[in-house]
Amino acid sequence: MFHDPDLTPFQPPKVRGTIQQLLKNYLTSFPASTYEEPFSLQKNWPFRDNLFVTDPDLIEELLIGRADEFMRDHITRQAGAELDRGSLFLAEGADWRWQRRAVAPTFRHENLLGFVPTFAACAKRRVEIWRKQSGGALDVSAAMTQTTFDIILDAVLGGATALDRDRYLAALASAFKGMPWRMLLAYFGLPASFPHPGRARAHRAGDYGYGEVANLVAARKAQPSDRNDVLNLLIAARDPETGRTMTDAQVIANLYVFISAGHETAATALAWTLWLLAKDQPSQERLRMEVEEVAGGADIGVQDIERLVFTRQVVQEAMRLFPPFPVITRQPKEDTALGPYQISKKQRIIVPTWSLHRHKKLWDEPDGFEPGRFAPENVKDRHRCAYLPFGAGPRICIGMNFAMLEIVTILATLVREFRFSLATGFKLELSTPLTLRSKNGLPLVIEPLRDVSSAPSPRCAARQMTA
Ligand code: HEM
C-alpha cells in the first residue's frame, strides 16, 4: 500500500467552507460524515437542504432501481445550461431516451475497438513530442488534454482539422471556469444572468465553441462523407418510434458535449494516473513490465487490451482516489422517500463520489494507493455502487468503454517509453472547475527509457500538433 499526505489533500472542514473555498474546490463543502456515515443531511437555511447519500444500497435504489423517479438537479441544470445548450446530458424523459438511443450505436464495443489504432497513434505522437522536450518538468495535465482532444476530434469528427485546437481548448477552459460561479448562483436561487466575475468571457467562449461546431456540421452537410464517426451517426440518427431526426441545434449541442466531456474527463484521469505512478515507482515498474510482456515494442492493439490487467487496475485505483467527476447529483420528480428518508421534490440529492471512494466503512485504508484492490478476486464481493467513476444505471456515462480503452492504450504506450518521477517543489492544490483538477497542473520529470524511431500514424488527428 502506497500512502502519502498528498493523497488526502484536505481534511473535511468542521464548519462549511467559505464561499471562496467553494468556488475553488467544492469538495471542501462535503460534511465529514460523508466519509463514514450512510447518509448526511446538510441544512442550508434559508436555501434548500442537501442530502448526501453514501450507502451503496440507497445509491443503487436512486441511480438504478428507481432511476425514472429522479432527474438531474436544479443546480446542475441551471449552471450547466451555458455549456450544454440542448444535448442528451441535460435532457429528461422521452427527449433524453431517444437521443441516448440514437447515439448508442457509436459506443458499442465492436465499434469502439475500431478506435484503438487512433488511440495508439495519438499516444505515439505524444511520445515523439516528449522525446523532443528534454530537461525540466513537464505538465502532464496540459499534455493529456491535448492528446485526448486530438483523439476525440478523430472519433467524433473524423479528424477535422478545420478546428483551431489551441484556440478551441482555450475557449473551453474559459467556459468551464464560469461553472463554479454559475453553481453558486443557482445554489443561492439567483439566475445565471446575475452579474458575476468572468460571466461575459465564459459566454463568449461558449458562443465561439458552439459557432465552430456549427460550422463543422454545416460543412459536413454540404459535403457528406461516409466515415463512421459520431457526426455522421448524429446526422443520420432517427427515432425508431416516431421516425424523427435530430434538429441541427441538437446535433450541434450533442457534438459540443461529446467533444468537451469526451476529452476533459479522460485527460484528467490520465494525468492523475501518471502522477500517482510517479509517486509509486514499484507499480510504475510493474505496469511497464506488463506492457512489455503483452505487446513487446509493438503498438498497443485491440488484442492487447484485455491482457493489460494490471494497467487497468492502476487506472481504476487512480479514478477511485481522484474521480474526474467527483459528484453525481439528482432531484426527485415528486416528494418521495429514499430508504428511511423523506425527500421533498425541491431537494438536491448528492452522491459524493469523492467521499464514497474514500468511505471508511467501504474501503480498507481508503487514502492509500493500492491497484490490487481492483484485482478480480478483490472486486467480486464489492457492492456495485461502492465505486462509481462513471455513474450507474440508465444514465451511466455513455463514453465509459470509449474512455477505458483510450486511457489504457495511452497509459500503456507512455509508461513503456518513459519513467515518470515527481518534480521537486510541487504542492498539490485541488480545483473543481468542472472536473477534478490540480490547480497548478501536474508537473512531472519525464525520462525517455529507450531509443525508438516511431513513425507517426496517419490516423492521428494530431498531424499538425505542436507541443
Ligand atoms: C474517464 C472518463 C470519463 C468519466 C470519469 C466520465 C464520467 C461521467 C459521469 C460520472 C457521468 C454522469 C452519470 C450520472 O449522472 O449518473 C457521465 C455522463 C456522461 N458522459 Fe462521461 N465520463 C468520461 C468520459 C466520457 C466520454 C469519453 C464521453 C463521450 C465521448 C462522455 C460522455 C458523457 C455523456 C454524453 C454523459 C451523459 C449521459 C446521459 O445523461 O445519458 N463521457 N460521465
# chains A, B, ... in the order shown; residues from 1 in each chain; ligands from 1
>>> closest_atom_pairs(of="stretch 229-298 of chain A", to="stretch 102-112 of chain A", cutoff="8 Å", atoms="only C-alpha atoms", output="tab-separated table")
residue	atom	partner	partner_atom	distance
A:Asp229	CA	A:Thr106	CA	7.6
A:Val230	CA	A:Thr106	CA	6.4
A:Leu233	CA	A:Val103	CA	6.9
A:Leu234	CA	A:Val103	CA	6.5
A:Ala237	CA	A:Ala102	CA	5.2
A:Arg238	CA	A:Ala102	CA	6.5
A:Asp239	CA	A:Ala102	CA	6.8
>>> write_last_selection(atoms="all heavy atoms", output="CSV table (one decimal), in the first residue's frame")
chain,number,residue,atom,x,y,z
A,229,ASP,N,-18.1,8.1,-38.1
A,229,ASP,CA,-17.8,9.0,-37.0
A,229,ASP,C,-19.1,9.4,-36.3
A,229,ASP,O,-20.2,9.2,-36.8
A,229,ASP,CB,-16.9,10.1,-37.3
A,229,ASP,CG,-17.4,11.0,-38.4
A,229,ASP,OD1,-18.7,11.1,-38.5
A,229,ASP,OD2,-16.7,11.7,-39.0
A,230,VAL,N,-19.0,10.0,-35.2
A,230,VAL,CA,-20.2,10.4,-34.4
A,230,VAL,C,-21.0,11.4,-35.1
A,230,VAL,O,-22.2,11.4,-35.1
A,230,VAL,CB,-19.8,10.9,-33.0
A,230,VAL,CG1,-21.0,11.3,-32.2
A,230,VAL,CG2,-19.0,9.9,-32.2
A,233,LEU,N,-23.2,9.7,-37.5
A,233,LEU,CA,-24.3,9.0,-36.8
A,233,LEU,C,-25.4,9.9,-36.2
A,233,LEU,O,-26.6,9.6,-36.3
A,233,LEU,CB,-23.7,8.2,-35.6
A,233,LEU,CG,-23.1,6.9,-36.0
A,233,LEU,CD1,-22.1,6.4,-35.0
A,233,LEU,CD2,-24.2,5.8,-36.0
A,234,LEU,N,-24.9,11.1,-35.8
A,234,LEU,CA,-25.9,12.1,-35.2
A,234,LEU,C,-26.8,12.6,-36.3
A,234,LEU,O,-28.0,12.7,-36.2
A,234,LEU,CB,-25.2,13.2,-34.5
A,234,LEU,CG,-24.6,13.0,-33.2
A,234,LEU,CD1,-23.8,14.2,-32.7
A,234,LEU,CD2,-25.6,12.6,-32.2
A,237,ALA,N,-29.2,9.9,-37.3
A,237,ALA,CA,-30.0,9.3,-36.2
A,237,ALA,C,-31.5,9.5,-36.4
A,237,ALA,O,-31.9,10.6,-36.7
A,237,ALA,CB,-29.6,9.9,-34.8
A,238,ARG,N,-32.3,8.4,-36.1
A,238,ARG,CA,-33.7,8.5,-36.4
A,238,ARG,C,-34.4,7.8,-35.2
A,238,ARG,O,-34.0,6.7,-34.8
A,238,ARG,CB,-34.0,7.8,-37.7
A,238,ARG,CG,-35.4,8.1,-38.2
A,238,ARG,CD,-35.5,7.5,-39.6
A,238,ARG,NE,-34.8,8.3,-40.6
A,238,ARG,CZ,-35.3,9.4,-41.2
A,238,ARG,NH1,-36.5,9.7,-40.9
A,238,ARG,NH2,-34.6,10.0,-42.1
A,239,ASP,N,-35.4,8.4,-34.6
A,239,ASP,CA,-36.1,7.8,-33.5
A,239,ASP,C,-36.9,6.6,-34.1
A,239,ASP,O,-37.8,6.8,-35.0
A,239,ASP,CB,-37.0,8.8,-32.8
A,239,ASP,CG,-37.7,8.2,-31.6
A,239,ASP,OD1,-37.7,7.0,-31.5
A,239,ASP,OD2,-38.2,9.0,-30.8
>>> residues_near_ligand(ligand="ligand 1", cutoff="6 Å", atoms="only C-alpha atoms and all ligand atoms", output="PyMOL selection string")
chain A and resi 88-89+100+258+261-262+265-266+269+324-325+328+389-392+395-400+402-403
>>> closest_residue(among="A:Asp367, A:Asp68, A:Glu447, A:Glu292", to="A:Ala278", atoms="only C-alpha atoms")
A:Glu447
>>> closest_residue(among="A:Leu157, A:Trp45, A:Pro38, A:Ala412", to="A:Ser225", atoms="only C-alpha atoms")
A:Leu157
>>> select_by_dssp(residues="stretch 354-423 of chain A", states="helix (DSSP H, G or I)", output="PyMOL selection string")
chain A and resi 354-356+371-374+376-379+393-395+400-417
>>> atom_distance(atom1="atom CA of A:Glu82", atom2="atom CA of A:Gly206")
7.1 Å
>>> closest_residue(among="A:Ser141, A:Ser344, A:Thr435, A:Asn440", to="A:Leu27", atoms="only C-alpha atoms")
A:Thr435
>>> closest_atom_pairs(of="stretch 28-118 of chain A", to="stretch 295-315 of chain A", cutoff="7 Å", atoms="only C-alpha atoms", output="tab-separated table")
residue	atom	partner	partner_atom	distance
A:Leu113	CA	A:Val302	CA	6.3
A:Val116	CA	A:Val302	CA	6.2
A:Pro117	CA	A:Gly301	CA	6.6
>>> atom_distance(atom1="atom CA of A:Ala81", atom2="atom CA of A:Leu216")
21.7 Å
>>> residues_around(residues="A:Gly80", least_positions_apart="4", cutoff="9 Å", atoms="only C-alpha atoms", output="PyMOL selection string")
chain A and resi 75-76+84-85+90+179+182-183
>>> write_last_selection(atoms="N, CA, C and O atoms", output="PDB file, in the first residue's frame")
ATOM      1  N   ILE A  75     -29.534  22.663  -9.690  1.00  0.00           N
ATOM      2  CA  ILE A  75     -28.267  23.422  -9.768  1.00  0.00           C
ATOM      3  C   ILE A  75     -27.498  23.004 -11.021  1.00  0.00           C
ATOM      4  O   ILE A  75     -27.008  23.838 -11.786  1.00  0.00           O
ATOM      5  N   THR A  76     -27.414  21.697 -11.268  1.00  0.00           N
ATOM      6  CA  THR A  76     -26.716  21.235 -12.476  1.00  0.00           C
ATOM      7  C   THR A  76     -27.426  21.765 -13.727  1.00  0.00           C
ATOM      8  O   THR A  76     -26.776  22.186 -14.684  1.00  0.00           O
ATOM      9  N   ASP A  84     -24.169  23.246 -21.936  1.00  0.00           N
ATOM     10  CA  ASP A  84     -24.969  22.255 -22.644  1.00  0.00           C
ATOM     11  C   ASP A  84     -26.240  22.931 -23.131  1.00  0.00           C
ATOM     12  O   ASP A  84     -27.181  23.137 -22.374  1.00  0.00           O
ATOM     13  N   ARG A  85     -26.264  23.257 -24.430  1.00  0.00           N
ATOM     14  CA  ARG A  85     -27.398  24.016 -24.944  1.00  0.00           C
ATOM     15  C   ARG A  85     -28.375  23.079 -25.669  1.00  0.00           C
ATOM     16  O   ARG A  85     -28.802  23.358 -26.776  1.00  0.00           O
ATOM     17  N   LEU A  90     -28.416  17.031 -20.391  1.00  0.00           N
ATOM     18  CA  LEU A  90     -29.394  17.659 -19.504  1.00  0.00           C
ATOM     19  C   LEU A  90     -30.829  17.296 -19.865  1.00  0.00           C
ATOM     20  O   LEU A  90     -31.759  17.739 -19.195  1.00  0.00           O
ATOM     21  N   MET A 179     -18.179  27.851 -14.470  1.00  0.00           N
ATOM     22  CA  MET A 179     -19.088  26.874 -13.854  1.00  0.00           C
ATOM     23  C   MET A 179     -19.237  27.056 -12.330  1.00  0.00           C
ATOM     24  O   MET A 179     -20.365  27.088 -11.836  1.00  0.00           O
ATOM     25  N   ARG A 182     -21.541  29.871 -11.617  1.00  0.00           N
ATOM     26  CA  ARG A 182     -22.932  29.591 -12.001  1.00  0.00           C
ATOM     27  C   ARG A 182     -23.582  28.634 -11.000  1.00  0.00           C
ATOM     28  O   ARG A 182     -24.763  28.745 -10.702  1.00  0.00           O
ATOM     29  N   MET A 183     -22.778  27.713 -10.466  1.00  0.00           N
ATOM     30  CA  MET A 183     -23.326  26.785  -9.462  1.00  0.00           C
ATOM     31  C   MET A 183     -23.688  27.535  -8.182  1.00  0.00           C
ATOM     32  O   MET A 183     -24.724  27.295  -7.578  1.00  0.00           O
TER      33      MET A 183
END
